[in-house]
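Enquirer: Got a structure for you, questions after.
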Amino acid sequence: METAFKLDSWGYQVSTNSDACISAINSYYQQVLSYGRERRVILEAPKHDQDCVLANILAGHFLLSSDPFRASPYIQAAQSRLGYATSYEKAVFDLISYLIADDRDDDVVVESHAKHLSDYPKDMVSLKRVQVFCFYMGRPDLSLDLVQQVLPENEHEHYIYGMLAFPLLELGRMADAAKAARKGFEINKQDCWSQHAVCHVLQYECRFKEAVEFMEKCSSSWSACSSFIITHNWWHVALCYLEGHSSMQKVLEIYDHYIWKELERDDAVPPEVYLNALGLSLRVYVRDELDVFGDRLKVLAGRVKDEANWYLEWHFDVLILWALAKTGELSKAGDLLDGLKLRISQMNEKKHQLMQRGIQLAEALYEYGRGNNEQALVVLGPDFNAYDCKMIGASDEQLDVFNEVWYSMLLNTGQAAKAIETIEQQIKKRDGAPFMWRLLEKSYALTGREEAKVAGEKGKALECAYFN
C-alpha cells in the first residue's frame, strides 16, 4: 500500500493520512513556541494515527519530564515504524533518541541539532529544543550560533526574534538584544518570550518603572501561557519593584496572586514555578525583608522537601538547599547535598569538571542558609563571580542574587574592604540599582570611610526616582 504524506506547518513531509494527527502536531508546535499551557495536545496525535513516527516521538519526549513510565510505549512505537517514516521524521527521531540517552555527549547533541537545522531550517521546535539545552549547558554562544544559522530562512517568523534576543542578552549584547526583542514584539505583541526579553533589557538598564509598566500592560496576554512563563514574567516584575525600592507590599502581592496562585493549581506544577518562588524569596531575604513574607518560606520549604522535586534542575536544587537550611530542615538539606555530590562523582570527567562551580555554589547556599557565612565563603573562594555559574541553568538575571549573597557574606564576616572592591566594580557597569549603593554605603561605613554619606545619598535619590 502506498504511504500517504501530509505537510506539517514547516512544510516538511510527515507519514500520515490523518488530518487530525497533523493538526495536533501543528498545535503542539504552536504551544511550544508560545509557552502555551496545552502542550499535552501532542498526546492527541498518536490517537489519530498510532503509526505516525513524528507523533509518537514528540509525545514520548513530552511525557519524559512528567510521566516517564508512560513515555516508553510512545518511543517504542516510533522506533517500530521507522521504516515507514519520512527522512524528516527519522531525523527528529534520531535527535530526540540521542538527547534522552544516558550516555549522551552534550557537544554531540548540539552538533546533531546544527546538522538537522541545516537540512530543515524551518523546524523551529527543534531550534527551541536545542536552545533550551544550550541554556542548561551555560552556553549562550552556541545558542546564538544556532538561531543565526536559521535566521535567513525565518525572517518573517515572529518567534525567531525572541529566540535571537535571549542569547544576545546572556552574552551582554544589550543593544542587539533590545533590537531583536522589539522586532519580535512588534510582529506579535502576544509573544511572551519577546516581551520577556524586552523586560530583561529594561531591567539591565535600570529602567524599572518602565519595565513594570510594560510587563503589566502585557500581562493580559498571559492567560493561556504555561505556569512557568506566567510566574517567571511576574518574577521579573517583582524584581523591578524590589530593585526600584517600591513598597514590599507590591512584591508580596505578586508572590501571593501570581506565583503562589500557580502553585495551588490542581494540575502538575513544573519545577520552574517553585524556582521562581524560591528565587524571589532569596532576593527578599538578602534585603532583610523576609519578615514581610511571614511563614511563606516555611510553607514553600515544606513543599520542596518532597524528594520528587529534587535533581530536576541544578538551579532549583541550589535554591532548595538554601530554603531547607534556612527553615531548619537540616537533615533533608544534608540528604539533598549528599545526593548532588554523588551525582557529580558519577559524571564523566568533562561534565564533572564543568559542574564543580555548581556543586560549590550548592554547598555555599547550604552553609549560608544555616547562617555559617565563614564556611560559605571558604567554599566559594576569594574570587567568586556568580556569572561563572551558568552551567546550573540560570540566566544572568537569576544569577545576580548569588552575587548579592556573596556581598552579604563578606559584610557579615567583616570583609568590608573586599566587598567595596567588588561592589564598586559592579556599580561601574550598572549604576542605577539603589540596593547596590546601599550595600556600598554599608561597606564604606564599616571601614569608616567618609564616602558612606555620598553613597547613601545616591541610593536614596535612586529610591525616590522610581516608584515613590
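Naming scheme: A, B, ... for chains in displayed order of the C-alpha cells; residues 1 onward per chain; ligands 1 onward as shown.
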Using DSSP secondary structure from the backbone, list all alpha helix (DSSP H) positions within region 322-450 of chain A, as a PyMOL selection string.
Expert: chain A and resi 322-326+330-345+349-354+356-370+373-380+396-412+416-429+434-446
Enquirer: For region 88-101 of chain A, please output as a count of residues only all residues within 10 Å (counting only C-alpha atoms; exclusion window: fewer than 2 positions along the same chain).
Expert: 41
Enquirer: With distances taken over only C-alpha atoms, which of A:Val125, A:Leu117, A:Leu324, A:Ala455 is nearest to Asp8 (chain A)?
Expert: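 Of the candidates, the smallest distance to Asp8 (chain A) is held by A:Val125.
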Enquirer: Determine, counting only C-alpha atoms, which protein, DNA and RNA residues have an atom within 12 Å of an atom of Leu410 (chain A); residues of the same chain fewer than 2 positions away are not included. Present the result as an mmCIF file with N, CA and C atoms, in the first residue's frame.
Expert:
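What ended up in around_12.cif:
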```cif
data_model
loop_
_atom_site.group_PDB
_atom_site.id
_atom_site.type_symbol
_atom_site.label_atom_id
_atom_site.label_comp_id
_atom_site.auth_asym_id
_atom_site.auth_seq_id
_atom_site.Cartn_x
_atom_site.Cartn_y
_atom_site.Cartn_z
ATOM 1 N N TYR A 368 25.125 29.034 53.907
ATOM 2 C CA TYR A 368 24.528 30.356 54.071
ATOM 3 C C TYR A 368 23.155 30.250 54.738
ATOM 4 N N ASN A 372 26.105 30.027 58.427
ATOM 5 C CA ASN A 372 27.551 29.818 58.513
ATOM 6 C C ASN A 372 28.233 30.552 57.355
ATOM 7 N N ASN A 373 28.294 31.881 57.450
ATOM 8 C CA ASN A 373 28.858 32.687 56.377
ATOM 9 C C ASN A 373 30.332 32.407 56.126
ATOM 10 N N GLU A 374 31.072 32.171 57.205
ATOM 11 C CA GLU A 374 32.516 31.940 57.054
ATOM 12 C C GLU A 374 32.798 30.721 56.186
ATOM 13 N N GLN A 375 32.115 29.620 56.489
ATOM 14 C CA GLN A 375 32.344 28.399 55.723
ATOM 15 C C GLN A 375 31.857 28.560 54.285
ATOM 16 N N ALA A 376 30.765 29.269 54.096
ATOM 17 C CA ALA A 376 30.255 29.502 52.749
ATOM 18 C C ALA A 376 31.282 30.255 51.908
ATOM 19 N N LEU A 377 31.936 31.229 52.489
ATOM 20 C CA LEU A 377 32.961 31.987 51.767
ATOM 21 C C LEU A 377 34.179 31.131 51.446
ATOM 22 N N VAL A 378 34.542 30.258 52.374
ATOM 23 C CA VAL A 378 35.665 29.338 52.120
ATOM 24 C C VAL A 378 35.343 28.467 50.907
ATOM 25 N N LEU A 380 33.295 29.113 48.380
ATOM 26 C CA LEU A 380 33.239 29.881 47.130
ATOM 27 C C LEU A 380 34.595 30.422 46.708
ATOM 28 N N GLY A 381 35.484 30.655 47.660
ATOM 29 C CA GLY A 381 36.795 31.183 47.309
ATOM 30 C C GLY A 381 36.788 32.699 47.201
ATOM 31 N N PRO A 382 37.971 33.315 47.083
ATOM 32 C CA PRO A 382 38.091 34.774 47.150
ATOM 33 C C PRO A 382 37.687 35.511 45.883
ATOM 34 N N ASP A 383 37.531 34.803 44.779
ATOM 35 C CA ASP A 383 37.265 35.467 43.503
ATOM 36 C C ASP A 383 35.940 35.035 42.895
ATOM 37 N N PHE A 384 34.954 34.791 43.735
ATOM 38 C CA PHE A 384 33.658 34.301 43.252
ATOM 39 C C PHE A 384 32.979 35.324 42.354
ATOM 40 N N ASN A 403 25.474 36.759 43.565
ATOM 41 C CA ASN A 403 26.457 37.807 43.822
ATOM 42 C C ASN A 403 26.039 38.641 45.028
ATOM 43 N N GLU A 404 24.751 38.951 45.121
ATOM 44 C CA GLU A 404 24.265 39.705 46.279
ATOM 45 C C GLU A 404 24.478 38.928 47.569
ATOM 46 N N VAL A 405 24.263 37.618 47.512
ATOM 47 C CA VAL A 405 24.523 36.766 48.673
ATOM 48 C C VAL A 405 26.000 36.857 49.060
ATOM 49 N N TRP A 406 26.870 36.834 48.061
ATOM 50 C CA TRP A 406 28.317 36.889 48.331
ATOM 51 C C TRP A 406 28.695 38.218 48.988
ATOM 52 N N TYR A 407 28.162 39.328 48.463
ATOM 53 C CA TYR A 407 28.436 40.627 49.093
ATOM 54 C C TYR A 407 27.962 40.607 50.548
ATOM 55 N N SER A 408 26.792 40.039 50.769
ATOM 56 C CA SER A 408 26.235 39.960 52.119
ATOM 57 C C SER A 408 27.140 39.139 53.036
ATOM 58 N N ASN A 412 28.964 40.372 56.403
ATOM 59 C CA ASN A 412 28.636 39.677 57.648
ATOM 60 C C ASN A 412 29.866 39.101 58.339
ATOM 61 N N THR A 413 30.952 38.933 57.604
ATOM 62 C CA THR A 413 32.182 38.369 58.181
ATOM 63 C C THR A 413 33.283 39.414 58.323
ATOM 64 N N GLY A 414 32.921 40.687 58.205
ATOM 65 C CA GLY A 414 33.889 41.758 58.433
ATOM 66 C C GLY A 414 34.858 42.014 57.297
ATOM 67 N N GLN A 415 34.539 41.512 56.100
ATOM 68 C CA GLN A 415 35.445 41.710 54.960
ATOM 69 C C GLN A 415 34.937 42.852 54.077
ATOM 70 N N ALA A 416 34.764 44.015 54.715
ATOM 71 C CA ALA A 416 34.183 45.161 54.024
ATOM 72 C C ALA A 416 35.069 45.664 52.891
ATOM 73 N N ALA A 417 36.385 45.595 53.073
ATOM 74 C CA ALA A 417 37.286 46.087 52.024
ATOM 75 C C ALA A 417 37.113 45.286 50.735
ATOM 76 N N LYS A 418 36.995 43.966 50.874
ATOM 77 C CA LYS A 418 36.766 43.118 49.708
ATOM 78 C C LYS A 418 35.402 43.411 49.092
ATOM 79 N N ALA A 419 34.408 43.639 49.950
ATOM 80 C CA ALA A 419 33.074 43.965 49.453
ATOM 81 C C ALA A 419 33.093 45.264 48.663
ATOM 82 N N ILE A 420 33.801 46.261 49.162
ATOM 83 C CA ILE A 420 33.886 47.549 48.464
ATOM 84 C C ILE A 420 34.478 47.364 47.074
ATOM 85 N N GLU A 421 35.538 46.599 46.991
ATOM 86 C CA GLU A 421 36.211 46.367 45.705
ATOM 87 C C GLU A 421 35.254 45.774 44.675
ATOM 88 N N THR A 422 34.518 44.760 45.072
ATOM 89 C CA THR A 422 33.634 44.075 44.120
ATOM 90 C C THR A 422 32.377 44.895 43.815
ATOM 91 N N ILE A 423 31.826 45.556 44.827
ATOM 92 C CA ILE A 423 30.605 46.348 44.604
ATOM 93 C C ILE A 423 30.911 47.550 43.719
ATOM 94 N N LEU A 439 24.392 48.875 49.677
ATOM 95 C CA LEU A 439 25.448 47.952 50.113
ATOM 96 C C LEU A 439 26.801 48.666 50.186
ATOM 97 N N LEU A 440 27.055 49.530 49.214
ATOM 98 C CA LEU A 440 28.310 50.276 49.212
ATOM 99 C C LEU A 440 28.355 51.235 50.402
ATOM 100 N N LYS A 442 26.918 50.802 53.278
ATOM 101 C CA LYS A 442 27.191 49.979 54.464
ATOM 102 C C LYS A 442 28.657 49.569 54.525
ATOM 103 N N SER A 443 29.219 49.223 53.362
ATOM 104 C CA SER A 443 30.625 48.811 53.314
ATOM 105 C C SER A 443 31.549 49.952 53.702
ATOM 106 N N LEU A 446 31.372 50.617 57.444
ATOM 107 C CA LEU A 446 32.096 49.631 58.256
ATOM 108 C C LEU A 446 33.596 49.881 58.286
#
```
Enquirer: Just the residues within 10 Å of Asp107 (chain A), please, counting only C-alpha atoms, with nothing from its chain fewer than 5 positions along; format it as a list in words.
Expert: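 These residues fall inside the cut-off: Ser112, Cys134, Met137 and Leu142 of chain A.
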Enquirer: For the residues selected in the previous step, produce a file with C-alpha atoms as a PDB file, in the first residue's frame.
Expert:
```pdb
ATOM      1  CA  SER A 112      23.479  16.978  15.656  1.00  0.00           C
ATOM      2  CA  CYS A 134      22.321  25.149  25.446  1.00  0.00           C
ATOM      3  CA  MET A 137      24.860  23.856  29.358  1.00  0.00           C
ATOM      4  CA  LEU A 142      26.193  28.077  20.914  1.00  0.00           C
TER       5      LEU A 142
END
```
Enquirer: Which residue out of A:Gln131, A:Ser18, A:Gly279, A:Arg37 has the minimum interatomic distance to Lys6 (chain A) when only C-alpha atoms are used?
Expert: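 Nearest candidate to Lys6 (chain A) out of A:Gln131, A:Ser18, A:Gly279, A:Arg37: A:Ser18.
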Enquirer: Quick one: pull the distance between CA of Arg265 (chain A) and CA of Ser227 (chain A), Å, one decimal.
Expert: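 One can read the CA of Arg265 (chain A) to CA of Ser227 (chain A) distance as 9.3 Å.
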